[in-house]
$ cat work.cif   # mmCIF, C-alpha atoms
data_structure
#
loop_
_atom_site.label_atom_id
_atom_site.label_comp_id
_atom_site.auth_asym_id
_atom_site.auth_seq_id
_atom_site.Cartn_x
_atom_site.Cartn_y
_atom_site.Cartn_z
CA MET A 1 10.62 -2.22 11.78
CA VAL A 2 8.35 0.81 11.76
CA GLU A 3 10.32 3.97 11.02
CA LEU A 4 8.08 6.91 10.31
CA THR A 5 10.82 9.29 9.19
CA LEU A 6 13.68 8.95 6.73
CA PRO A 7 17.26 8.24 7.86
CA LYS A 8 19.61 11.26 7.98
CA ASN A 9 21.26 10.67 4.61
CA SER A 10 17.86 10.31 2.92
CA LYS A 11 16.10 13.50 4.01
CA VAL A 12 15.15 15.38 0.87
CA GLY A 13 16.44 18.96 0.74
CA LYS A 14 15.48 21.91 -1.40
CA GLY A 15 16.92 21.76 -4.89
CA LYS A 16 17.14 23.89 -7.95
CA THR A 17 14.27 25.73 -9.64
CA TRP A 18 14.76 25.37 -13.36
CA PRO A 19 13.82 28.28 -15.67
CA LYS A 20 10.42 28.43 -17.36
CA PRO A 21 10.31 27.43 -21.02
CA GLN A 22 9.95 30.52 -23.21
CA GLY A 23 6.70 31.46 -24.91
CA ALA A 24 4.63 28.80 -23.13
CA THR A 25 1.07 29.58 -22.10
CA ASN A 26 -0.01 26.30 -20.48
CA LEU A 27 2.59 25.77 -17.75
CA ARG A 28 2.56 23.27 -14.90
CA GLN A 29 5.05 22.80 -12.12
CA PHE A 30 6.62 19.44 -11.27
CA LYS A 31 8.65 18.64 -8.17
CA ILE A 32 11.04 15.82 -8.97
CA TYR A 33 13.26 13.77 -6.64
CA ARG A 34 16.94 14.07 -7.58
CA TYR A 35 19.86 12.07 -6.25
CA SER A 36 23.19 11.22 -7.80
CA PRO A 37 25.77 8.94 -6.20
CA GLU A 38 28.47 11.04 -7.90
CA GLU A 39 27.49 14.22 -6.09
CA ALA A 40 27.97 14.77 -2.39
CA GLY A 41 24.98 15.52 -0.21
CA ASN A 42 21.39 14.47 0.33
CA PRO A 43 18.69 13.96 -2.28
CA ARG A 44 16.78 17.11 -3.27
CA TRP A 45 13.53 18.24 -4.86
CA ASP A 46 14.11 20.05 -8.17
CA LEU A 47 11.31 22.21 -9.56
CA TYR A 48 10.57 22.18 -13.26
CA TRP A 49 8.09 24.16 -15.34
CA VAL A 50 6.64 22.09 -18.17
CA ASP A 51 4.85 23.39 -21.25
CA MET A 52 1.84 21.08 -21.19
CA ASP A 53 0.87 21.95 -24.79
CA LYS A 54 4.18 20.55 -26.04
CA ALA A 55 4.75 17.74 -23.55
CA GLY A 56 2.25 15.17 -24.84
CA THR A 57 -0.47 13.46 -22.81
CA MET A 58 1.14 11.19 -20.24
CA ILE A 59 3.50 11.70 -17.29
CA LEU A 60 6.18 9.75 -19.14
CA ASP A 61 5.92 12.45 -21.84
CA VAL A 62 6.55 15.08 -19.15
CA LEU A 63 9.72 13.28 -18.05
CA LEU A 64 10.91 12.94 -21.63
CA TYR A 65 10.10 16.64 -22.23
CA ILE A 66 12.24 17.60 -19.23
CA LYS A 67 15.08 15.30 -20.29
CA ASN A 68 15.02 16.56 -23.89
CA ASN A 69 14.43 20.26 -23.32
CA ILE A 70 15.42 21.27 -19.81
CA ASP A 71 17.70 18.89 -17.95
CA PRO A 72 19.39 15.94 -19.73
CA THR A 73 20.80 14.58 -16.46
CA LEU A 74 17.40 13.40 -15.16
CA ALA A 75 17.51 9.59 -14.88
CA PHE A 76 14.51 7.24 -15.02
CA ARG A 77 13.64 3.80 -16.41
CA ARG A 78 11.25 3.44 -19.35
CA SER A 79 10.78 1.10 -22.23
CA CYS A 80 7.47 0.15 -23.81
CA ARG A 81 5.47 3.37 -23.13
CA GLU A 82 2.22 1.38 -23.22
CA GLY A 83 1.84 -0.28 -19.83
CA VAL A 84 3.21 -3.75 -20.55
CA CYS A 85 6.81 -3.62 -19.36
CA GLY A 86 6.44 -2.02 -15.93
CA SER A 87 9.76 -0.15 -16.15
CA CYS A 88 8.51 3.39 -15.52
CA ALA A 89 6.87 2.62 -12.16
CA MET A 90 7.26 5.54 -9.76
CA ASN A 91 5.39 7.61 -7.21
CA ILE A 92 3.36 10.31 -8.96
CA ALA A 93 1.44 12.84 -6.85
CA GLY A 94 1.63 10.56 -3.82
CA ASN A 95 0.61 7.23 -5.32
CA ASN A 96 2.56 4.58 -7.17
CA THR A 97 1.77 4.02 -10.82
CA ILE A 98 3.45 3.63 -14.18
CA ALA A 99 4.24 6.98 -15.78
CA CYS A 100 3.32 5.88 -19.31
CA THR A 101 -0.36 5.24 -18.57
CA LYS A 102 -0.92 8.12 -16.14
CA GLY A 103 -2.63 10.90 -18.11
CA PHE A 104 -2.53 14.65 -17.41
CA ASP A 105 -6.29 14.63 -16.91
CA GLU A 106 -5.93 12.22 -13.95
CA LEU A 107 -3.63 14.55 -12.00
CA PRO A 108 -4.74 16.47 -8.92
CA GLY A 109 -4.25 20.25 -8.86
CA GLY A 110 -1.14 22.10 -7.68
CA VAL A 111 2.50 21.09 -7.97
CA ILE A 112 2.88 17.44 -8.96
CA SER A 113 5.56 15.53 -7.08
CA ILE A 114 7.39 12.65 -8.73
CA SER A 115 9.66 10.41 -6.67
CA PRO A 116 11.06 6.87 -6.89
CA LEU A 117 9.00 3.90 -5.66
CA PRO A 118 8.81 4.32 -1.86
CA HIS A 119 11.10 2.83 0.78
CA LEU A 120 13.78 1.42 -1.50
CA PRO A 121 17.49 2.26 -1.82
CA VAL A 122 17.85 4.84 -4.61
CA VAL A 123 20.39 4.18 -7.36
CA LYS A 124 19.89 7.53 -9.11
CA ASP A 125 17.01 10.03 -9.37
CA LEU A 126 13.85 8.00 -10.09
CA ILE A 127 15.64 4.64 -10.26
CA PRO A 128 15.32 2.47 -7.14
CA ASP A 129 17.12 -0.81 -6.45
CA LEU A 130 14.65 -3.67 -6.94
CA THR A 131 17.04 -6.55 -6.16
CA ASN A 132 15.10 -7.68 -3.10
CA PHE A 133 11.79 -7.45 -4.97
CA TYR A 134 13.04 -9.72 -7.75
CA ALA A 135 14.56 -12.15 -5.25
CA GLN A 136 11.14 -12.45 -3.59
CA HIS A 137 9.56 -13.16 -6.95
CA ALA A 138 12.11 -15.92 -7.53
CA TYR A 139 11.44 -17.27 -4.03
CA VAL A 140 7.82 -18.20 -4.84
CA GLN A 141 9.09 -20.27 -7.80
CA PRO A 142 6.84 -18.80 -10.49
CA PHE A 143 6.86 -21.78 -12.81
CA LEU A 144 4.96 -25.02 -13.25
CA LYS A 145 6.07 -27.77 -10.85
CA THR A 146 4.97 -31.34 -11.51
CA VAL A 147 5.79 -34.88 -10.44
CA THR A 148 3.82 -36.88 -13.00
CA PRO A 149 5.70 -37.62 -16.23
CA ALA A 150 5.37 -34.82 -18.78
CA PRO A 151 2.68 -35.47 -21.40
CA GLU A 152 3.73 -36.02 -24.99
CA LYS A 153 2.46 -32.64 -26.20
CA GLU A 154 1.39 -30.22 -23.49
CA TRP A 155 -0.11 -29.86 -20.02
CA LYS A 156 -3.83 -29.50 -20.66
CA GLN A 157 -6.28 -27.34 -18.75
CA SER A 158 -10.03 -26.89 -19.00
CA GLU A 159 -11.45 -23.49 -19.89
CA THR A 160 -12.93 -23.11 -16.41
CA ASP A 161 -9.57 -23.88 -14.80
CA ARG A 162 -7.88 -21.42 -17.13
CA GLU A 163 -10.34 -18.70 -16.11
CA GLU A 164 -9.07 -19.00 -12.53
CA LEU A 165 -5.82 -17.39 -13.70
CA ASN A 166 -7.51 -14.24 -15.00
CA GLY A 167 -6.64 -11.22 -12.89
CA LEU A 168 -3.40 -12.94 -11.81
CA TYR A 169 -1.30 -13.70 -14.87
CA GLU A 170 -1.49 -10.07 -16.12
CA CYS A 171 0.99 -8.84 -13.50
CA ILE A 172 3.87 -6.94 -15.15
CA LEU A 173 6.14 -6.89 -12.06
CA CYS A 174 6.29 -3.10 -11.92
CA ALA A 175 6.49 -3.23 -8.09
CA CYS A 176 3.88 -0.48 -7.63
CA CYS A 177 1.90 -2.66 -5.22
CA SER A 178 4.69 -4.01 -3.03
CA THR A 179 6.26 -0.59 -2.58
CA SER A 180 2.87 0.95 -1.72
CA CYS A 181 2.40 -1.40 1.21
CA PRO A 182 3.27 -0.08 4.71
CA SER A 183 3.77 -3.67 5.89
CA TYR A 184 6.30 -4.10 3.11
CA TRP A 185 7.97 -0.79 4.03
CA TRP A 186 8.54 -1.89 7.62
CA ASN A 187 9.22 -5.61 6.99
CA GLY A 188 10.23 -5.85 3.34
CA ASP A 189 13.10 -8.17 4.21
CA LYS A 190 10.79 -10.80 5.75
CA TYR A 191 7.34 -10.16 4.28
CA LEU A 192 7.11 -11.26 0.63
CA GLY A 193 4.85 -8.39 -0.39
CA PRO A 194 1.73 -8.20 -2.58
CA ALA A 195 3.41 -8.79 -5.97
CA ALA A 196 5.23 -11.99 -4.97
CA LEU A 197 2.15 -13.28 -3.14
CA LEU A 198 -0.12 -12.61 -6.15
CA GLN A 199 2.34 -14.70 -8.17
CA ALA A 200 2.36 -17.36 -5.47
CA TYR A 201 -1.44 -17.58 -5.68
CA ARG A 202 -1.31 -17.69 -9.47
CA TRP A 203 0.63 -20.98 -9.19
CA LEU A 204 -1.27 -22.27 -6.17
CA ILE A 205 -4.57 -22.34 -8.05
CA ASP A 206 -3.16 -23.47 -11.39
CA SER A 207 -4.91 -26.82 -12.03
CA ARG A 208 -1.77 -28.19 -13.70
CA ASP A 209 0.58 -27.45 -10.81
CA GLU A 210 1.34 -30.40 -8.52
CA ALA A 211 3.29 -28.66 -5.75
CA THR A 212 0.41 -26.89 -3.98
CA GLY A 213 1.21 -28.37 -0.54
CA GLU A 214 4.90 -27.58 -0.85
CA ARG A 215 4.13 -24.03 -1.94
CA LEU A 216 1.82 -23.51 1.04
CA ASP A 217 4.47 -24.95 3.38
CA ASP A 218 6.90 -22.32 2.11
CA LEU A 219 4.49 -19.51 2.99
CA GLU A 220 3.58 -20.83 6.47
CA ASP A 221 5.54 -18.30 8.48
CA PRO A 222 4.62 -15.31 10.70
CA PHE A 223 6.04 -12.86 8.17
CA LYS A 224 6.06 -14.13 4.57
CA LEU A 225 2.27 -14.20 4.16
CA TYR A 226 0.61 -13.07 7.36
CA ARG A 227 2.09 -9.55 7.44
CA CYS A 228 -0.72 -8.57 5.07
CA HIS A 229 -3.16 -6.51 7.16
CA THR A 230 -5.48 -5.67 4.22
CA ILE A 231 -4.48 -2.03 4.16
CA MET A 232 -5.48 -2.28 0.48
CA ASN A 233 -2.89 0.13 -0.94
CA CYS A 234 -1.79 -2.62 -3.35
CA ALA A 235 -5.19 -2.93 -5.02
CA GLN A 236 -5.68 0.85 -4.97
CA VAL A 237 -2.52 1.55 -6.94
CA CYS A 238 -2.15 -1.43 -9.32
CA PRO A 239 -1.89 0.12 -12.81
CA LYS A 240 -3.26 -3.10 -14.31
CA GLY A 241 -6.30 -3.14 -12.04
CA LEU A 242 -5.30 -6.40 -10.33
CA ASN A 243 -6.09 -7.20 -6.71
CA PRO A 244 -3.17 -8.65 -4.73
CA ALA A 245 -5.08 -8.14 -1.44
CA LYS A 246 -7.77 -10.54 -2.63
CA ALA A 247 -5.20 -13.10 -3.82
CA ILE A 248 -3.52 -12.96 -0.40
CA ALA A 249 -6.87 -13.45 1.36
CA LYS A 250 -7.41 -16.53 -0.81
CA ILE A 251 -3.99 -17.95 0.10
CA LYS A 252 -4.86 -17.46 3.79
CA HIS A 253 -8.09 -19.30 3.07
CA MET A 254 -6.18 -22.23 1.51
CA MET A 255 -3.99 -22.35 4.61
CA VAL A 256 -7.05 -22.69 6.83
CA GLU A 257 -8.74 -25.19 4.56
CA ARG A 258 -5.90 -27.65 4.50
CA VAL A 259 -5.74 -27.96 8.29
CA SER A 260 -9.50 -28.11 8.86
CA MET B 1 13.98 -3.12 2.70
CA SER B 2 14.94 -1.89 6.12
CA GLY B 3 17.21 -4.90 6.58
CA THR B 4 19.89 -3.79 4.12
CA LYS B 5 20.36 -0.28 5.45
CA GLN B 6 23.60 -0.57 7.44
CA ALA B 7 25.72 -1.71 4.53
CA ASP B 8 24.07 0.79 2.21
CA SER B 9 25.12 4.40 1.76
CA ARG B 10 22.38 4.97 -0.79
CA PRO B 11 19.42 7.03 0.40
CA LEU B 12 16.05 5.46 1.15
CA SER B 13 13.30 6.77 -1.10
CA PRO B 14 10.56 8.80 0.63
CA HIS B 15 7.50 6.81 1.80
CA LEU B 16 4.99 8.00 4.43
CA GLY B 17 5.98 11.63 3.96
CA ILE B 18 4.91 11.75 0.32
CA TRP B 19 2.06 9.20 0.33
CA ARG B 20 -1.45 10.34 -0.58
CA TYR B 21 -3.81 8.28 1.59
CA HIS B 22 -6.76 6.33 0.29
CA ALA B 23 -9.82 5.93 2.53
CA THR B 24 -8.85 2.27 3.02
CA MET B 25 -5.43 3.16 4.48
CA PHE B 26 -7.04 5.70 6.81
CA ALA B 27 -9.57 3.09 7.94
CA SER B 28 -6.79 0.55 8.56
CA ILE B 29 -4.85 2.95 10.79
CA THR B 30 -8.03 4.06 12.54
CA HIS B 31 -8.87 0.40 13.20
CA ARG B 32 -5.55 0.03 15.04
CA PHE B 33 -5.98 3.21 17.05
CA THR B 34 -9.60 2.50 17.96
CA GLY B 35 -8.45 -0.98 19.02
CA MET B 36 -5.97 0.61 21.42
CA ALA B 37 -8.55 3.19 22.56
CA MET B 38 -10.86 0.31 23.45
CA TYR B 39 -8.28 -1.08 25.90
CA PHE B 40 -8.21 2.29 27.60
CA GLY B 41 -12.01 2.54 27.55
CA THR B 42 -12.41 -0.94 29.01
CA PHE B 43 -10.05 0.02 31.82
CA LEU B 44 -12.26 3.05 32.47
CA ILE B 45 -15.42 0.95 32.62
CA ALA B 46 -13.65 -1.55 34.92
CA ALA B 47 -12.59 1.31 37.21
CA TRP B 48 -16.18 2.52 37.24
CA LEU B 49 -17.47 -0.93 38.23
CA VAL B 50 -14.79 -1.36 40.90
CA ALA B 51 -15.73 2.05 42.34
CA LEU B 52 -19.37 1.04 42.29
CA ALA B 53 -18.65 -2.27 44.04
CA SER B 54 -16.41 -0.65 46.66
CA GLY B 55 -19.26 1.35 48.17
CA PRO B 56 -20.67 4.87 48.17
CA ASP B 57 -17.44 6.57 49.27
CA ALA B 58 -15.36 5.22 46.40
CA PHE B 59 -18.14 5.90 43.93
CA ALA B 60 -18.40 9.48 45.18
CA VAL B 61 -14.76 9.98 44.14
CA PHE B 62 -15.16 8.46 40.69
CA GLU B 63 -18.57 9.80 39.78
CA PRO B 64 -17.69 13.53 39.49
CA ILE B 65 -14.66 12.69 37.33
CA ILE B 66 -16.61 10.72 34.76
CA SER B 67 -19.57 13.16 34.77
CA SER B 68 -17.32 16.17 34.20
CA ILE B 69 -17.14 17.60 30.68
CA PRO B 70 -13.72 16.01 29.90
CA GLY B 71 -15.00 12.70 31.31
CA GLN B 72 -18.09 12.83 29.11
CA VAL B 73 -15.98 13.74 26.05
CA ILE B 74 -13.75 10.73 26.69
CA LEU B 75 -16.81 8.49 27.03
CA PHE B 76 -18.26 9.88 23.79
CA LEU B 77 -14.98 9.28 21.93
CA TRP B 78 -14.91 5.78 23.37
CA THR B 79 -18.39 5.18 21.91
CA VAL B 80 -17.15 6.36 18.51
CA ALA B 81 -14.11 4.09 18.79
CA VAL B 82 -16.19 1.03 19.71
CA LEU B 83 -18.68 1.61 16.90
CA PHE B 84 -15.99 2.25 14.30
CA HIS B 85 -14.08 -0.85 15.37
CA LEU B 86 -17.30 -2.85 15.19
CA ALA B 87 -18.27 -1.67 11.70
CA ASN B 88 -14.75 -1.94 10.35
CA GLY B 89 -14.36 -5.36 11.95
CA ILE B 90 -17.39 -6.58 10.04
CA ARG B 91 -15.68 -5.34 6.87
CA TYR B 92 -12.69 -7.57 7.73
CA LEU B 93 -15.04 -10.53 8.21
CA PHE B 94 -16.48 -9.99 4.72
CA TRP B 95 -12.96 -9.86 3.29
CA ASP B 96 -11.56 -12.90 5.06
CA GLY B 97 -14.67 -15.09 4.89
CA PRO B 98 -16.45 -14.89 1.54
CA HIS B 99 -13.84 -12.48 -0.01
CA ILE B 100 -16.50 -9.83 -0.62
CA GLY B 101 -15.73 -6.12 -1.04
CA PHE B 102 -12.16 -6.27 -2.32
CA ASP B 103 -12.85 -3.98 -5.26
CA PRO B 104 -10.91 -0.75 -4.42
CA LYS B 105 -13.91 1.51 -5.07
CA THR B 106 -16.21 -0.61 -2.91
CA ALA B 107 -13.57 -0.88 -0.18
CA SER B 108 -13.09 2.91 -0.15
CA ALA B 109 -16.84 3.54 -0.03
CA VAL B 110 -17.26 1.07 2.86
CA SER B 111 -14.37 2.75 4.72
CA VAL B 112 -16.02 6.16 4.42
CA PHE B 113 -19.34 4.63 5.48
CA ASN B 114 -17.71 3.19 8.62
CA TYR B 115 -16.58 6.65 9.74
CA VAL B 116 -19.99 8.18 9.05
CA PHE B 117 -21.74 5.28 10.81
CA ALA B 118 -19.48 5.52 13.88
CA VAL B 119 -20.10 9.25 14.34
CA LEU B 120 -23.84 9.25 13.56
CA ALA B 121 -24.58 6.17 15.67
CA SER B 122 -22.61 7.63 18.61
CA VAL B 123 -24.53 10.90 18.36
CA ALA B 124 -27.79 8.92 18.20
CA ILE B 125 -26.92 6.81 21.26
CA TRP B 126 -25.89 9.87 23.28
CA ALA B 127 -28.96 11.80 22.17
CA VAL B 128 -31.19 8.97 23.40
CA VAL B 129 -29.30 8.76 26.74
CA LEU B 130 -29.14 12.50 27.36
CA LEU B 131 -32.73 13.23 26.31
CA ALA B 132 -34.21 10.33 28.25
#
$ encode --input "work.cif" --output "structure tokens"
Amino acid sequence: MVELTLPKNSKVGKGKTWPKPQGATNLRQFKIYRYSPEEAGNPRWDLYWVDMDKAGTMILDVLLYIKNNIDPTLAFRRSCREGVCGSCAMNIAGNNTIACTKGFDELPGGVISISPLPHLPVVKDLIPDLTNFYAQHAYVQPFLKTVTPAPEKEWKQSETDREELNGLYECILCACCSTSCPSYWWNGDKYLGPAALLQAYRWLIDSRDEATGERLDDLEDPFKLYRCHTIMNCAQVCPKGLNPAKAIAKIKHMMVERVS
Amino acid sequence: MSGTKQADSRPLSPHLGIWRYHATMFASITHRFTGMAMYFGTFLIAAWLVALASGPDAFAVFEPIISSIPGQVILFLWTVAVLFHLANGIRYLFWDGPHIGFDPKTASAVSVFNYVFAVLASVAIWAVVLLA
């Protein structure tokens, strides 16, 4: 359901302004979303001054700088620091992306806000609960389904058929796209969202998969697929440059083709 | 994830309030609003025709309203709405038919073009009508 404002317990209040690091000449201010289940009260925006000469080059470096030098209680997920694990997905300056590949030079001017991926229950600080997102990924059954007996060695595929999977298999499940989608915000419990649908398409057009009809049957529903209104936020924010909106349009096309 | 809220004391992360809009999201919302504006505009045109069909007396009531400055402004905005909805609708046809224009940069550029087109074409149409 469309809810333009946040519920009462989620309104973000004013937080603490942390002291400036000493002797720094190249300072930038960051406004970071803070929430702890162990403290009473609403989430808040804390303000941090970061010495950009010492912080590194990426937003993940900024977060690590804050955690190491200013405030060790700041919680966020990170792992690979090179854009392959998808753990550090968050909203930076108003758009979702992964902190480890977002450079200082790509930032707009002014105070930079950093908050968890939008419209999800917050576990702590920048860590949202992605249970529903993963369940939706599982729902599309992202694995090869066949009925013919398995070949002795492997399921073969021509080079042309393999090329169909380019731009689909690279998804790292960071959830930037799904949580950027207003349709997913309002109907995330019924609409599968861009990430799961991109995966669905990845298996629908795999030449080796033999469950295409079944997979399409599963998506034939007013919400699961058709809540995509091509708002295009998913393609705009994908840190891997993939295009879920296009994949969804192609699934819709397959739906039409099989009845015509 | 609005479905899980009741059983959940955890806060919901901020969404619309912090989002920085791309041209494509603006165009999507505008498409909805212009769609609604067109219902209203069609009602206006229908009222005009009904007044016209009902005879000179009825038309004499309606005519000053629609020729007043606010009436003309509404008609101009309706022109903008129709033209934007038309241009943006064609963009949807390109997406859903041949899947053309999905690249984010192209999509943003087309969205901006649709706004510019709607305004310029409306001004052009009104200029022709008013100067004729």
$ residues_near_point --input "work.cif" --point "(-6.3, -19.3, -13.7)" --cutoff "7 Å" --atoms "all atoms listed in the file" --output "PyMOL selection string"
chain A and resi 161-166+202+205-206
$ residues_around --input "work.cif" --residues "Thr79 in chain B" --least-positions-apart "4" --cutoff "9 Å" --atoms "all atoms listed in the file" --output "PyMOL selection string"
chain B and resi 41+74-75+83-84+118-119+121-122+125-126
$ interface_residues --input "work.cif" --of "chain A" --to "chain B" --cutoff "9 Å" --atoms "only C-alpha atoms" --output "PyMOL selection string"
chain A and resi 1+3-12+33+35+37+42-43+91+93-96+113+115-123+128+132+179-180+182+184-190+229-233+235-236+243+245-246+249-250+252-253
$ atom_distance --input "work.cif" --atom1 "CA of His31 in chain B" --atom2 "CA of Val112 in chain B"
12.7 Å
$ residues_around --input "work.cif" --residues "Ile98 in chain A" --least-positions-apart "3" --cutoff "7 Å" --atoms "only C-alpha atoms" --output "PyMOL selection string"
chain A and resi 86+88-90+101-102+239
$ atom_distance --input "work.cif" --atom1 "CA of Tyr48 in chain A" --atom2 "CA of Glu82 in chain A"
24.5 Å
$ atom_distance --input "work.cif" --atom1 "CA of Asp46 in chain A" --atom2 "CA of Lys31 in chain A"
5.6 Å
$ closest_residue --input "work.cif" --among "A:Leu47, A:Cys228, A:Leu63, A:Cys238" --to "Tyr191 in chain A" --atoms "only C-alpha atoms"
A:Cys228
$ residues_near_point --input "work.cif" --point "(-13.0, 9.0, 34.4)" --cutoff "7 Å" --atoms "only C-alpha atoms" --output "JSON, numbers by chain"
{"B": [44, 62, 65, 66, 71]}
$ write_last_selection --input "work.cif" --atoms "C-alpha atoms" --output "PDB file, keeping the file's coordinate frame"
ATOM      1  CA  LEU B  44     -12.260   3.050  32.470  1.00  0.00           C
ATOM      2  CA  PHE B  62     -15.160   8.460  40.690  1.00  0.00           C
ATOM      3  CA  ILE B  65     -14.660  12.690  37.330  1.00  0.00           C
ATOM      4  CA  ILE B  66     -16.610  10.720  34.760  1.00  0.00           C
ATOM      5  CA  GLY B  71     -15.000  12.700  31.310  1.00  0.00           C
TER       6      GLY B  71
END
$ residues_around --input "work.cif" --residues "Glu214 in chain A" --least-positions-apart "4" --cutoff "12 Å" --atoms "only C-alpha atoms" --output "VMD selection string"
chain A and resid 140 to 141 145 to 146 200 203 to 204 209 to 210 218 to 220 255
$ resolve_selection --input "work.cif" --expression "the PyMOL selection byres ((chain B and resi 86) around 12)" --output "list in words"
Thr30, His31, Thr34, Gly35, Met38, Thr79, Val80, Ala81, Val82, Leu83, Phe84, His85, Ala87, Asn88, Gly89, Ile90, Arg91, Tyr92, Leu93, Asn114, Tyr115, Phe117, Ala118 and Ala121 of chain B
$ closest_residue --input "work.cif" --among "A:Arg44, A:Arg77, A:Lys153, A:His137" --to "Gly15 in chain A" --atoms "all atoms listed in the file"
A:Arg44
$ closest_residue --input "work.cif" --among "A:Gly167, A:Pro244, A:Gly213, A:Pro222" --to "Pro194 in chain A" --atoms "all atoms listed in the file"
A:Pro244
$ decode --input "work.cif" --residues "range 13-30 of chain A" --atoms "N, CA and C atoms" --output "PDB file, in the first residue's frame"
ATOM      1  N   GLY A  13      14.982  11.387  13.848  1.00  0.00           N
ATOM      2  CA  GLY A  13      15.207  12.627  14.605  1.00  0.00           C
ATOM      3  C   GLY A  13      16.613  13.162  14.432  1.00  0.00           C
ATOM      4  N   LYS A  14      16.854  14.288  15.103  1.00  0.00           N
ATOM      5  CA  LYS A  14      18.194  14.886  15.060  1.00  0.00           C
ATOM      6  C   LYS A  14      19.094  14.123  16.006  1.00  0.00           C
ATOM      7  N   GLY A  15      20.299  13.852  15.604  1.00  0.00           N
ATOM      8  CA  GLY A  15      21.218  13.101  16.444  1.00  0.00           C
ATOM      9  C   GLY A  15      22.359  13.947  16.924  1.00  0.00           C
ATOM     10  N   LYS A  16      23.482  13.270  17.085  1.00  0.00           N
ATOM     11  CA  LYS A  16      24.660  13.898  17.659  1.00  0.00           C
ATOM     12  C   LYS A  16      25.533  14.473  16.549  1.00  0.00           C
ATOM     13  N   THR A  17      26.205  15.595  16.816  1.00  0.00           N
ATOM     14  CA  THR A  17      27.238  16.074  15.906  1.00  0.00           C
ATOM     15  C   THR A  17      28.579  15.724  16.516  1.00  0.00           C
ATOM     16  N   TRP A  18      29.319  14.883  15.813  1.00  0.00           N
ATOM     17  CA  TRP A  18      30.588  14.400  16.345  1.00  0.00           C
ATOM     18  C   TRP A  18      31.686  15.428  16.071  1.00  0.00           C
ATOM     19  N   PRO A  19      32.692  15.518  16.969  1.00  0.00           N
ATOM     20  CA  PRO A  19      33.721  16.562  16.807  1.00  0.00           C
ATOM     21  C   PRO A  19      34.557  16.391  15.538  1.00  0.00           C
ATOM     22  N   LYS A  20      35.084  17.519  15.040  1.00  0.00           N
ATOM     23  CA  LYS A  20      35.932  17.481  13.852  1.00  0.00           C
ATOM     24  C   LYS A  20      37.262  16.825  14.190  1.00  0.00           C
ATOM     25  N   PRO A  21      37.809  16.034  13.245  1.00  0.00           N
ATOM     26  CA  PRO A  21      39.150  15.497  13.481  1.00  0.00           C
ATOM     27  C   PRO A  21      40.166  16.648  13.500  1.00  0.00           C
ATOM     28  N   GLN A  22      41.169  16.531  14.367  1.00  0.00           N
ATOM     29  CA  GLN A  22      42.115  17.632  14.535  1.00  0.00           C
ATOM     30  C   GLN A  22      43.114  17.701  13.386  1.00  0.00           C
ATOM     31  N   GLY A  23      43.459  18.928  13.032  1.00  0.00           N
ATOM     32  CA  GLY A  23      44.522  19.174  12.057  1.00  0.00           C
ATOM     33  C   GLY A  23      44.169  18.825  10.617  1.00  0.00           C
ATOM     34  N   ALA A  24      42.858  18.587  10.353  1.00  0.00           N
ATOM     35  CA  ALA A  24      42.466  18.223   8.992  1.00  0.00           C
ATOM     36  C   ALA A  24      42.180  19.478   8.166  1.00  0.00           C
ATOM     37  N   THR A  25      42.545  19.448   6.905  1.00  0.00           N
ATOM     38  CA  THR A  25      42.292  20.610   6.046  1.00  0.00           C
ATOM     39  C   THR A  25      41.197  20.335   5.017  1.00  0.00           C
ATOM     40  N   ASN A  26      41.016  19.049   4.658  1.00  0.00           N
ATOM     41  CA  ASN A  26      40.051  18.689   3.623  1.00  0.00           C
ATOM     42  C   ASN A  26      38.878  17.944   4.258  1.00  0.00           C
ATOM     43  N   LEU A  27      37.977  18.712   4.902  1.00  0.00           N
ATOM     44  CA  LEU A  27      36.889  18.079   5.655  1.00  0.00           C
ATOM     45  C   LEU A  27      35.607  18.012   4.843  1.00  0.00           C
ATOM     46  N   ARG A  28      34.851  16.912   5.057  1.00  0.00           N
ATOM     47  CA  ARG A  28      33.518  16.825   4.466  1.00  0.00           C
ATOM     48  C   ARG A  28      32.564  16.294   5.497  1.00  0.00           C
ATOM     49  N   GLN A  29      31.296  16.753   5.414  1.00  0.00           N
ATOM     50  CA  GLN A  29      30.338  16.329   6.412  1.00  0.00           C
ATOM     51  C   GLN A  29      29.442  15.212   5.880  1.00  0.00           C
ATOM     52  N   PHE A  30      29.227  14.201   6.732  1.00  0.00           N
ATOM     53  CA  PHE A  30      28.365  13.071   6.391  1.00  0.00           C
ATOM     54  C   PHE A  30      27.254  12.947   7.428  1.00  0.00           C
TER      55      PHE A  30
END
